[in-house]
Amino acid sequence: MRHPWTAQLAVALGLGLLAGTEAMAQPPRDRAAAEGFVDSIADLTDREALRVLERGLMLRAKRDRSNPGLHLRLGALALKLGEVNDASAEFKWATQLDPRWAAAWFGLGRAELALGELADTTKLGRRALLARDAWNRATAAFARAVTIDSSWALKAETLVVNRAGSASASVVREGLRRAASGPPRNAVAMLALGRVERMLGDSGAALVAFDRAGGLPGGRGLGLLEAARTRLARGDPRGVDDYFAAAAVDDTAAVGLLRSELRWIATADELNRFDVSRGDGRAGLLRRLWTGRDRADLRQDGERLREHARRLAAARALYPNPDDQRVAVLVRHGEPDSRAAARPPEAPPNESWRYRWPEGEVIVHFVAGADTTNYRVVESLFDLLPDPDGRTAADERPAGAPDLVDILLRSRAQLSPFYQSAAAGRRDQLANFRAREREIGRASRNLALTTDRFPLRFERDLAARIRILSGGVGSAPALELAFAIPGFVFDSSRAAIPARYETRVRLTIWDSTQTAVGVDTVLTTVLDKPVEAGSAVTGVASVALPSGTYSVRAVLEAAARGTAASRDGVAVGSAPGEPRLSDLAVGVTGAGAVLGLGRPIDPAAVFRRSDTVIVSAVLFAGEPGPLRVRFLLRPVSGTGTEAKWKGFPGRSGWMTTEADGNAVIGLSLPLRGVKPGPHELEAIVVDRRGVEVRKRTRIEVTESSR
């Protein structure tokens with residue numbers, strides 16, 4: 001042994017000469033000084049400096065052998081130097097001299113833990129037995145430290161974090177379990193135990209610990225919140241109720257944790273309102289925030305909150321540095337659909353993430369500096385170059401070697417056809433590509449860091465035609481979604497007779513005050529025979545609404561496929577003091593879908609010249625009496641120049657119909673005089689007072705079948 005007095009102490013212990021050492025506890029300030037020393041050397045790596053400190057303390061300890069603070073310091077130094085046997089002896093001496101000192105017991109636990117880690121526990125024999133004995137002593141020491149002072153449970157939790165994935169982490173957990181088995185005084189140790197159980201994969205035991213913590217002084221808020229985080233991260237809907245219950249508790253620690261996890265996605269205004277809210281008001285604020293995000297992504301209530309908890313857990317597991325902007329993007333948008341990187345020596349560590357959203361793709365570029373745990377979002381892939389033009393890297397390469405620009409472009413070719421074309425293109429086109437790429441990258445960077453999404457994902461895209469339009473149900477105004485799904489989407493070979501086809505429609509509708517209404521409905525279409533590949537399954541989802549202007553997002557799902565649609569500024573019903581015409585519906589009687597009030601519509605708006613279509617609309621708040629109606633038509637030019645409006649062929653003049661309040665205007669128009677191609681159709685309606693309203697839509701006329 002290095003210290004000759006260690007053997008003397010063992011003899012003294014054997015003779016019982018140190019009985020009654022409880023009375024030898026040192027003053028709190030001496031304990032604090034010794035614990036401060038241990039903290040001060042935590043990051044010290046200079047072994048020579050550590051040896052100098054050790055020699056000075058050894059000289060002092062020879063003169064003052066009964067000073068537990070000196071032995072704690074010597075134990076910490078020995079542990080830093082990897083001399084775990086000596087560390088264990090020093091900490092053990094400190095616990096004998098001051099048995100009510102949690103720091104000494106915790107140090108002993110660390111030393112015994114290290115002794116067990118040095119032994120080979122995968123084999124039978126003396127070394128395995130030594131490891132088991134050392135870990136048993138470590139468990140007892142950790143339990144004693146936490147029992148004396150529950151705040152040391154937080155340091156035990158840190159030990160587990162640093163050993164996650166190793167067998168020794170369970171040793172620390174067992175110490176916390178043993179400490180928690182006695183009568184608890186406060187919630188600190190129970191909360192730490194719960195977090196450790198969760199970290200090591202036993203969420204059931206974690207929930208038991210959090211439930212116990214909730215019944216202890218100061219533990220209700222954090223107990224509920226940690227239980228919520230545990231349940232939410234594994235997708236348990238019960239975590240949603242725990243979350244809002246925790247938000248209603250005015251507990252500083254719980255509120256701080258709520259805010260720290262909310263800040264990743266909340267706007268400045270949302271955080272300001274959170275900061276001034278209290279109790280049930282805070283819970284209500286958070287409920288509205290998360291419900292609003294569910295509506296925006298066409299999700300069920302609670303889905304977005306559960307996903308947020310899952311993303312936070314994933315980010316903590318993947319990226320140790322919370323300042324790393326990969327954390328921010330992951331929490332805001334989830335895991336990317338694909339990743340790419342390049343590792344040439346001239347370029348810093350880098351990654352690019354690609355997201356596939358219904359609106360299109362978003363590619364986010366990350367680059368790290370000297371600190372490789374801290375990646376930042378940059379505007380362009382070319383920001384990885386050592387100079388703006390990329391000449392330096394290319395000039396320093398051997399003749400014929402690919403330059404850095406080529407390497408970067410080829411590394412990202414797998415992400416998108418946009419980069420594939422650049423990698424295969426001519427170098428004289430590179431300048432234009434770089435300008436466009438930076439423009440797209442700037443927009444992607446802004447989206448990645450200022451928005452958050454949880455878009456619905458499907459196995460495959462649904463090749464459906466969707467039309468969102470204003471209309472009416474009964475005598476009430478309504479928003480209507482009409483769809484047509486090609487027959488090839490469905491596996492009709494197994495369809496029974498009659499054939500049943502289910503389609504799920506999800507809608508979120510916002511009014512002018514940004515109040516959202518969510519609709520989630522399943523429509524069943526029943527056909528007397530299986531749908532054929534050349535035909536379609538059609539349907540309509542209707543939502544009665546007060547008159548007003550709305551924004552709509554929709555998702556249509558069928559046969560494990562899905563597609564999204566959206567429309568802003570949908571005017572439903574009448575405007576104050578004036579009539580309003582609903583959107584025009586164009587269809588063929590007996591084909592396609594049927595809107596409210598019996599209005600036929602083909603969502604694809606593609607018709608044959610041999611068809612006679614029904615063009616219909618609902619006039620709201622019109623003056624009772626005769627109405628004059630006229631239809632105009634003009635071809636849509638691909639050149640960007642607008643053709644002149646002309647009367648509808650064969651129906652160019654004014655037609656008269658009767659109206660009484662809200663009225664359906666429906667007229668049949670034969671297409672035989674219309675040339676094939678896309679056209680814009682306009683309806684003009686004038687009531688008996690001379691008030692005129694107009695509405696337009698697009699149709700396509702073909703020579704062949706739809």
# chains A, B, ... in the order shown; residues from 1 in each chain; ligands from 1
$ residues_around --residues "segment 383-386 of chain A" --least-positions-apart "3" --cutoff "12 Å" --atoms "only C-alpha atoms" --output "compact mmCIF listing (two decimals) with C-alpha atoms, in the first residue's frame"
# COMPACT_ATOMS: atom_id res chain seq x y z
CA ALA A 341 -22.24 13.94 -45.78
CA ALA A 342 -18.80 14.39 -47.32
CA ARG A 343 -15.51 13.92 -45.47
CA PRO A 344 -12.68 15.32 -47.63
CA PRO A 345 -9.80 16.72 -45.56
CA GLU A 346 -10.36 20.26 -46.88
CA ALA A 347 -13.96 20.46 -45.63
CA PRO A 348 -15.15 20.74 -42.03
CA PRO A 349 -17.49 18.08 -40.60
CA ASN A 350 -20.82 18.45 -42.38
CA GLU A 351 -24.24 16.93 -42.96
CA SER A 352 -27.26 17.64 -45.14
CA HIS A 365 -27.12 21.96 -44.53
CA PHE A 366 -25.10 21.71 -41.30
CA VAL A 367 -21.43 22.42 -40.72
CA ALA A 368 -19.28 22.14 -37.58
CA GLY A 369 -16.36 24.30 -36.55
CA ARG A 376 -24.69 25.15 -37.31
CA VAL A 377 -27.19 25.54 -40.14
CA VAL A 378 -25.76 27.27 -43.23
CA GLU A 379 -27.48 28.60 -46.31
CA SER A 380 -25.60 26.70 -48.96
CA ASP A 389 -15.07 30.26 -55.27
CA GLY A 390 -13.66 26.91 -54.16
CA ARG A 391 -10.38 27.51 -56.07
CA THR A 392 -8.03 26.94 -53.14
CA ALA A 393 -9.00 23.33 -52.58
CA ALA A 394 -8.90 22.47 -56.27
CA ASP A 395 -5.54 24.16 -56.85
CA GLU A 396 -3.93 22.21 -53.99
CA ASP A 403 -11.94 19.18 -56.76
CA LEU A 404 -13.91 19.89 -53.62
CA VAL A 405 -16.90 21.29 -55.49
CA ASP A 406 -17.31 18.01 -57.39
CA ILE A 407 -16.94 15.98 -54.20
CA LEU A 408 -19.61 18.01 -52.39
CA LEU A 409 -22.06 17.90 -55.28
CA ARG A 434 -24.93 28.17 -57.04
CA GLU A 437 -29.01 26.71 -54.65
CA ARG A 438 -28.27 29.49 -52.15
CA GLY A 441 -31.01 27.02 -49.05
CA ARG A 442 -31.81 30.36 -47.47
$ select_by_dssp --residues "segment 265-429 of chain A" --states "helix (DSSP H, G or I)" --output "ChimeraX atom specification"
/A:268-276,279-296,303-318,325-333,381-384,391-396,404-412,417-424,427-429
$ write_last_selection --atoms "C-alpha atoms" --output "CSV table (one decimal), in the first residue's frame"
chain,number,residue,atom,x,y,z
A,268,ALA,CA,-41.7,34.6,-28.9
A,269,ASP,CA,-45.4,35.6,-28.4
A,270,GLU,CA,-46.3,32.1,-27.1
A,271,LEU,CA,-43.4,32.1,-24.7
A,272,ASN,CA,-44.3,35.6,-23.4
A,273,ARG,CA,-47.9,34.4,-22.8
A,274,PHE,CA,-46.5,31.3,-21.0
A,275,ASP,CA,-44.4,33.4,-18.7
A,276,VAL,CA,-47.3,35.5,-17.4
A,279,GLY,CA,-52.1,27.6,-12.7
A,280,ASP,CA,-55.1,26.5,-14.7
A,281,GLY,CA,-54.5,29.4,-17.1
A,282,ARG,CA,-51.1,28.0,-18.0
A,283,ALA,CA,-52.6,24.6,-18.6
A,284,GLY,CA,-55.3,26.1,-20.8
A,285,LEU,CA,-52.7,28.1,-22.8
A,286,LEU,CA,-50.6,24.9,-23.4
A,287,ARG,CA,-53.7,22.9,-24.4
A,288,ARG,CA,-54.6,25.5,-27.0
A,289,LEU,CA,-51.0,25.6,-28.3
A,290,TRP,CA,-50.8,21.9,-28.8
A,291,THR,CA,-54.3,21.5,-30.1
A,292,GLY,CA,-53.5,24.2,-32.6
A,293,ARG,CA,-50.5,22.3,-33.9
A,294,ASP,CA,-52.6,19.1,-34.1
A,295,ARG,CA,-55.1,21.0,-36.2
A,296,ALA,CA,-52.3,22.4,-38.4
A,303,GLU,CA,-50.5,13.5,-31.3
A,304,ARG,CA,-48.2,16.5,-31.7
A,305,LEU,CA,-47.4,16.6,-28.0
A,306,ARG,CA,-46.5,12.9,-27.9
A,307,GLU,CA,-44.3,13.4,-31.0
A,308,HIS,CA,-42.6,16.4,-29.3
A,309,ALA,CA,-41.7,14.3,-26.3
A,310,ARG,CA,-40.4,11.5,-28.5
A,311,ARG,CA,-38.2,13.9,-30.6
A,312,LEU,CA,-36.8,15.5,-27.4
A,313,ALA,CA,-35.8,12.0,-26.1
A,314,ALA,CA,-34.2,11.2,-29.5
A,315,ALA,CA,-32.3,14.5,-29.6
A,316,ARG,CA,-30.9,13.9,-26.1
A,317,ALA,CA,-29.8,10.4,-27.1
A,318,LEU,CA,-28.1,11.5,-30.3
A,325,GLN,CA,-28.6,23.1,-34.2
A,326,ARG,CA,-29.2,19.6,-35.3
A,327,VAL,CA,-31.1,19.4,-32.0
A,328,ALA,CA,-33.3,22.4,-32.9
A,329,VAL,CA,-34.1,21.0,-36.4
A,330,LEU,CA,-34.8,17.5,-35.1
A,331,VAL,CA,-37.1,18.7,-32.4
A,332,ARG,CA,-38.9,21.0,-34.8
A,333,HIS,CA,-39.3,18.6,-37.7
A,381,LEU,CA,-23.6,23.6,-49.6
A,382,PHE,CA,-20.9,25.9,-50.9
A,383,ASP,CA,-20.5,27.4,-47.5
A,384,LEU,CA,-18.3,24.4,-46.8
A,391,ARG,CA,-10.4,27.5,-56.1
A,392,THR,CA,-8.0,26.9,-53.1
A,393,ALA,CA,-9.0,23.3,-52.6
A,394,ALA,CA,-8.9,22.5,-56.3
A,395,ASP,CA,-5.5,24.2,-56.9
A,396,GLU,CA,-3.9,22.2,-54.0
A,404,LEU,CA,-13.9,19.9,-53.6
A,405,VAL,CA,-16.9,21.3,-55.5
A,406,ASP,CA,-17.3,18.0,-57.4
A,407,ILE,CA,-16.9,16.0,-54.2
A,408,LEU,CA,-19.6,18.0,-52.4
A,409,LEU,CA,-22.1,17.9,-55.3
A,410,ARG,CA,-21.6,14.2,-55.8
A,411,SER,CA,-22.1,13.5,-52.1
A,412,ARG,CA,-25.5,15.3,-52.2
A,417,PRO,CA,-32.4,15.4,-58.5
A,418,PHE,CA,-31.5,19.0,-58.0
A,419,TYR,CA,-28.0,18.1,-56.9
A,420,GLN,CA,-27.8,15.1,-59.4
A,421,SER,CA,-28.3,17.5,-62.3
A,422,ALA,CA,-25.5,19.8,-60.9
A,423,ALA,CA,-23.1,16.9,-60.4
A,424,ALA,CA,-23.7,15.8,-64.0
A,427,ARG,CA,-19.0,23.6,-65.0
A,428,ASP,CA,-19.8,26.8,-67.0
A,429,GLN,CA,-23.4,26.4,-65.6
$ residues_around --residues "Ala205 of chain A" --least-positions-apart "6" --cutoff "10 Å" --atoms "only C-alpha atoms" --output "list in words"
Leu193, Gly194, Arg195, Val196, Glu197, Arg198 and Asp211 of chain A
$ residues_around --residues "segment 167-178 of chain A" --least-positions-apart "5" --cutoff "6 Å" --atoms "only C-alpha atoms" --output "MDAnalysis selection string"
chainID A and resid 139 142:143 160 193
$ write_last_selection --atoms "C-alpha atoms" --output "PDB file, in the first residue's frame"
ATOM      1  CA  THR A 139     -24.331  -0.049  -4.011  1.00  0.00           C
ATOM      2  CA  PHE A 142     -24.365   5.113  -2.807  1.00  0.00           C
ATOM      3  CA  ALA A 143     -27.440   4.158  -0.793  1.00  0.00           C
ATOM      4  CA  VAL A 160     -25.672   6.893 -14.681  1.00  0.00           C
ATOM      5  CA  LEU A 193     -34.539   7.272  -9.224  1.00  0.00           C
TER       6      LEU A 193
END
$ residues_around --residues "Gly221 of chain A" --least-positions-apart "2" --cutoff "6 Å" --atoms "only C-alpha atoms" --output "VMD selection string"
chain A and resid 219 223 to 224 246 249 251 254
$ write_last_selection --atoms "N, CA and C atoms" --output "CSV table (one decimal), in the first residue's frame"
chain,number,residue,atom,x,y,z
A,219,GLY,N,-43.0,17.6,-4.6
A,219,GLY,CA,-42.8,16.7,-5.7
A,219,GLY,C,-44.0,16.6,-6.6
A,223,GLY,N,-43.3,15.4,-10.3
A,223,GLY,CA,-43.7,14.0,-10.4
A,223,GLY,C,-44.7,13.8,-11.5
A,224,LEU,N,-45.7,14.7,-11.7
A,224,LEU,CA,-46.6,14.7,-12.8
A,224,LEU,C,-45.9,14.9,-14.1
A,246,ALA,N,-49.7,18.7,-14.7
A,246,ALA,CA,-48.4,19.3,-14.2
A,246,ALA,C,-48.3,20.8,-14.5
A,249,VAL,N,-49.8,23.1,-12.0
A,249,VAL,CA,-49.2,23.2,-10.6
A,249,VAL,C,-48.2,24.4,-10.7
A,251,ASP,N,-45.3,25.2,-9.6
A,251,ASP,CA,-44.0,24.7,-9.1
A,251,ASP,C,-42.9,25.2,-9.9
A,254,ALA,N,-40.9,22.6,-12.1
A,254,ALA,CA,-41.7,22.0,-13.1
A,254,ALA,C,-42.0,23.0,-14.2
$ atom_distance --atom1 "atom CA of Ala78 of chain A" --atom2 "atom CA of Asp30 of chain A"
20.3 Å
$ residues_around --residues "segment 32-45 of chain A" --least-positions-apart "6" --cutoff "12 Å" --atoms "only C-alpha atoms" --output "PyMOL selection string"
chain A and resi 26+51+53-54+57+67-82+94+101-104+106-107+155
$ atom_distance --atom1 "atom CA of Arg238 of chain A" --atom2 "atom CA of Leu222 of chain A"
16.2 Å
$ decode --residues "segment 74-121 of chain A" --atoms "N, CA and C atoms" --output "tab-separated table (two decimals), in the first residue's frame"
chain	number	residue	atom	x	y	z
A	74	LEU	N	-7.60	13.28	-0.73
A	74	LEU	CA	-6.66	12.28	-1.24
A	74	LEU	C	-7.39	11.19	-2.04
A	75	GLY	N	-8.58	10.81	-1.60
A	75	GLY	CA	-9.35	9.82	-2.34
A	75	GLY	C	-9.74	10.33	-3.73
A	76	ALA	N	-10.15	11.59	-3.80
A	76	ALA	CA	-10.52	12.16	-5.10
A	76	ALA	C	-9.33	12.23	-6.03
A	77	LEU	N	-8.15	12.60	-5.49
A	77	LEU	CA	-6.94	12.65	-6.32
A	77	LEU	C	-6.55	11.26	-6.81
A	78	ALA	N	-6.62	10.26	-5.93
A	78	ALA	CA	-6.27	8.90	-6.34
A	78	ALA	C	-7.22	8.41	-7.42
A	79	LEU	N	-8.48	8.76	-7.31
A	79	LEU	CA	-9.45	8.34	-8.32
A	79	LEU	C	-9.14	9.01	-9.66
A	80	LYS	N	-8.76	10.28	-9.64
A	80	LYS	CA	-8.39	10.96	-10.88
A	80	LYS	C	-7.16	10.34	-11.52
A	81	LEU	N	-6.24	9.85	-10.68
A	81	LEU	CA	-5.01	9.25	-11.18
A	81	LEU	C	-5.17	7.79	-11.56
A	82	GLY	N	-6.37	7.24	-11.37
A	82	GLY	CA	-6.62	5.86	-11.72
A	82	GLY	C	-6.15	4.85	-10.69
A	83	GLU	N	-5.81	5.31	-9.49
A	83	GLU	CA	-5.33	4.41	-8.43
A	83	GLU	C	-6.51	4.09	-7.52
A	84	VAL	N	-7.39	3.21	-8.02
A	84	VAL	CA	-8.69	3.05	-7.39
A	84	VAL	C	-8.61	2.33	-6.05
A	85	ASN	N	-7.66	1.45	-5.85
A	85	ASN	CA	-7.53	0.80	-4.55
A	85	ASN	C	-7.20	1.82	-3.47
A	86	ASP	N	-6.24	2.71	-3.79
A	86	ASP	CA	-5.89	3.76	-2.83
A	86	ASP	C	-7.06	4.70	-2.60
A	87	ALA	N	-7.81	5.01	-3.70
A	87	ALA	CA	-8.98	5.89	-3.56
A	87	ALA	C	-9.99	5.27	-2.61
A	88	SER	N	-10.25	3.96	-2.79
A	88	SER	CA	-11.22	3.29	-1.92
A	88	SER	C	-10.78	3.36	-0.46
A	89	ALA	N	-9.49	3.14	-0.20
A	89	ALA	CA	-8.98	3.19	1.17
A	89	ALA	C	-9.15	4.57	1.78
A	90	GLU	N	-8.85	5.62	1.02
A	90	GLU	CA	-8.96	6.99	1.54
A	90	GLU	C	-10.42	7.35	1.84
A	91	PHE	N	-11.33	7.04	0.89
A	91	PHE	CA	-12.74	7.36	1.11
A	91	PHE	C	-13.29	6.56	2.29
A	92	LYS	N	-12.85	5.31	2.41
A	92	LYS	CA	-13.33	4.49	3.52
A	92	LYS	C	-12.89	5.09	4.86
A	93	TRP	N	-11.68	5.58	4.89
A	93	TRP	CA	-11.17	6.22	6.11
A	93	TRP	C	-12.02	7.46	6.43
A	94	ALA	N	-12.35	8.23	5.39
A	94	ALA	CA	-13.17	9.43	5.60
A	94	ALA	C	-14.54	9.07	6.16
A	95	THR	N	-15.14	7.97	5.68
A	95	THR	CA	-16.45	7.57	6.20
A	95	THR	C	-16.36	7.10	7.64
A	96	GLN	N	-15.25	6.50	8.01
A	96	GLN	CA	-15.09	6.06	9.40
A	96	GLN	C	-14.90	7.26	10.33
A	97	LEU	N	-14.19	8.25	9.85
A	97	LEU	CA	-13.96	9.43	10.67
A	97	LEU	C	-15.19	10.33	10.76
A	98	ASP	N	-16.01	10.35	9.70
A	98	ASP	CA	-17.21	11.20	9.69
A	98	ASP	C	-18.34	10.40	9.03
A	99	PRO	N	-18.97	9.49	9.77
A	99	PRO	CA	-19.95	8.58	9.17
A	99	PRO	C	-21.21	9.26	8.62
A	100	ARG	N	-21.48	10.50	8.99
A	100	ARG	CA	-22.67	11.19	8.50
A	100	ARG	C	-22.33	12.16	7.37
A	101	TRP	N	-21.25	11.90	6.67
A	101	TRP	CA	-20.83	12.78	5.58
A	101	TRP	C	-21.17	12.09	4.25
A	102	ALA	N	-22.17	12.61	3.54
A	102	ALA	CA	-22.63	11.99	2.30
A	102	ALA	C	-21.54	11.99	1.23
A	103	ALA	N	-20.73	13.04	1.18
A	103	ALA	CA	-19.69	13.13	0.15
A	103	ALA	C	-18.68	12.00	0.29
A	104	ALA	N	-18.36	11.62	1.53
A	104	ALA	CA	-17.40	10.55	1.74
A	104	ALA	C	-17.98	9.22	1.26
A	105	TRP	N	-19.23	8.96	1.59
A	105	TRP	CA	-19.86	7.72	1.14
A	105	TRP	C	-20.00	7.70	-0.38
A	106	PHE	N	-20.33	8.83	-0.95
A	106	PHE	CA	-20.46	8.88	-2.41
A	106	PHE	C	-19.10	8.64	-3.07
A	107	GLY	N	-18.05	9.23	-2.52
A	107	GLY	CA	-16.70	8.98	-3.05
A	107	GLY	C	-16.33	7.52	-2.95
A	108	LEU	N	-16.68	6.89	-1.83
A	108	LEU	CA	-16.40	5.46	-1.67
A	108	LEU	C	-17.16	4.66	-2.72
A	109	GLY	N	-18.42	5.04	-2.98
A	109	GLY	CA	-19.18	4.36	-4.02
A	109	GLY	C	-18.52	4.48	-5.37
A	110	ARG	N	-18.01	5.66	-5.71
A	110	ARG	CA	-17.34	5.85	-7.00
A	110	ARG	C	-16.09	4.98	-7.09
A	111	ALA	N	-15.32	4.93	-6.00
A	111	ALA	CA	-14.08	4.14	-6.03
A	111	ALA	C	-14.40	2.65	-6.18
A	112	GLU	N	-15.38	2.15	-5.42
A	112	GLU	CA	-15.73	0.73	-5.53
A	112	GLU	C	-16.35	0.43	-6.91
A	113	LEU	N	-17.07	1.37	-7.45
A	113	LEU	CA	-17.62	1.20	-8.79
A	113	LEU	C	-16.50	1.04	-9.81
A	114	ALA	N	-15.46	1.88	-9.68
A	114	ALA	CA	-14.31	1.80	-10.58
A	114	ALA	C	-13.57	0.48	-10.41
A	115	LEU	N	-13.45	-0.01	-9.16
A	115	LEU	CA	-12.80	-1.31	-8.93
A	115	LEU	C	-13.55	-2.42	-9.67
A	116	GLY	N	-14.88	-2.39	-9.60
A	116	GLY	CA	-15.66	-3.40	-10.30
A	116	GLY	C	-15.53	-3.29	-11.80
A	117	GLU	N	-15.42	-2.06	-12.31
A	117	GLU	CA	-15.29	-1.86	-13.75
A	117	GLU	C	-13.95	-2.37	-14.27
A	118	LEU	N	-12.92	-2.36	-13.43
A	118	LEU	CA	-11.60	-2.83	-13.85
A	118	LEU	C	-11.53	-4.34	-13.93
A	119	ALA	N	-12.42	-5.02	-13.20
A	119	ALA	CA	-12.40	-6.48	-13.22
A	119	ALA	C	-13.17	-6.99	-14.43
A	120	ASP	N	-12.85	-8.22	-14.85
A	120	ASP	CA	-13.51	-8.83	-16.00
A	120	ASP	C	-14.71	-9.62	-15.49
A	121	THR	N	-15.91	-9.04	-15.63
A	121	THR	CA	-17.10	-9.71	-15.11
A	121	THR	C	-17.70	-10.69	-16.10
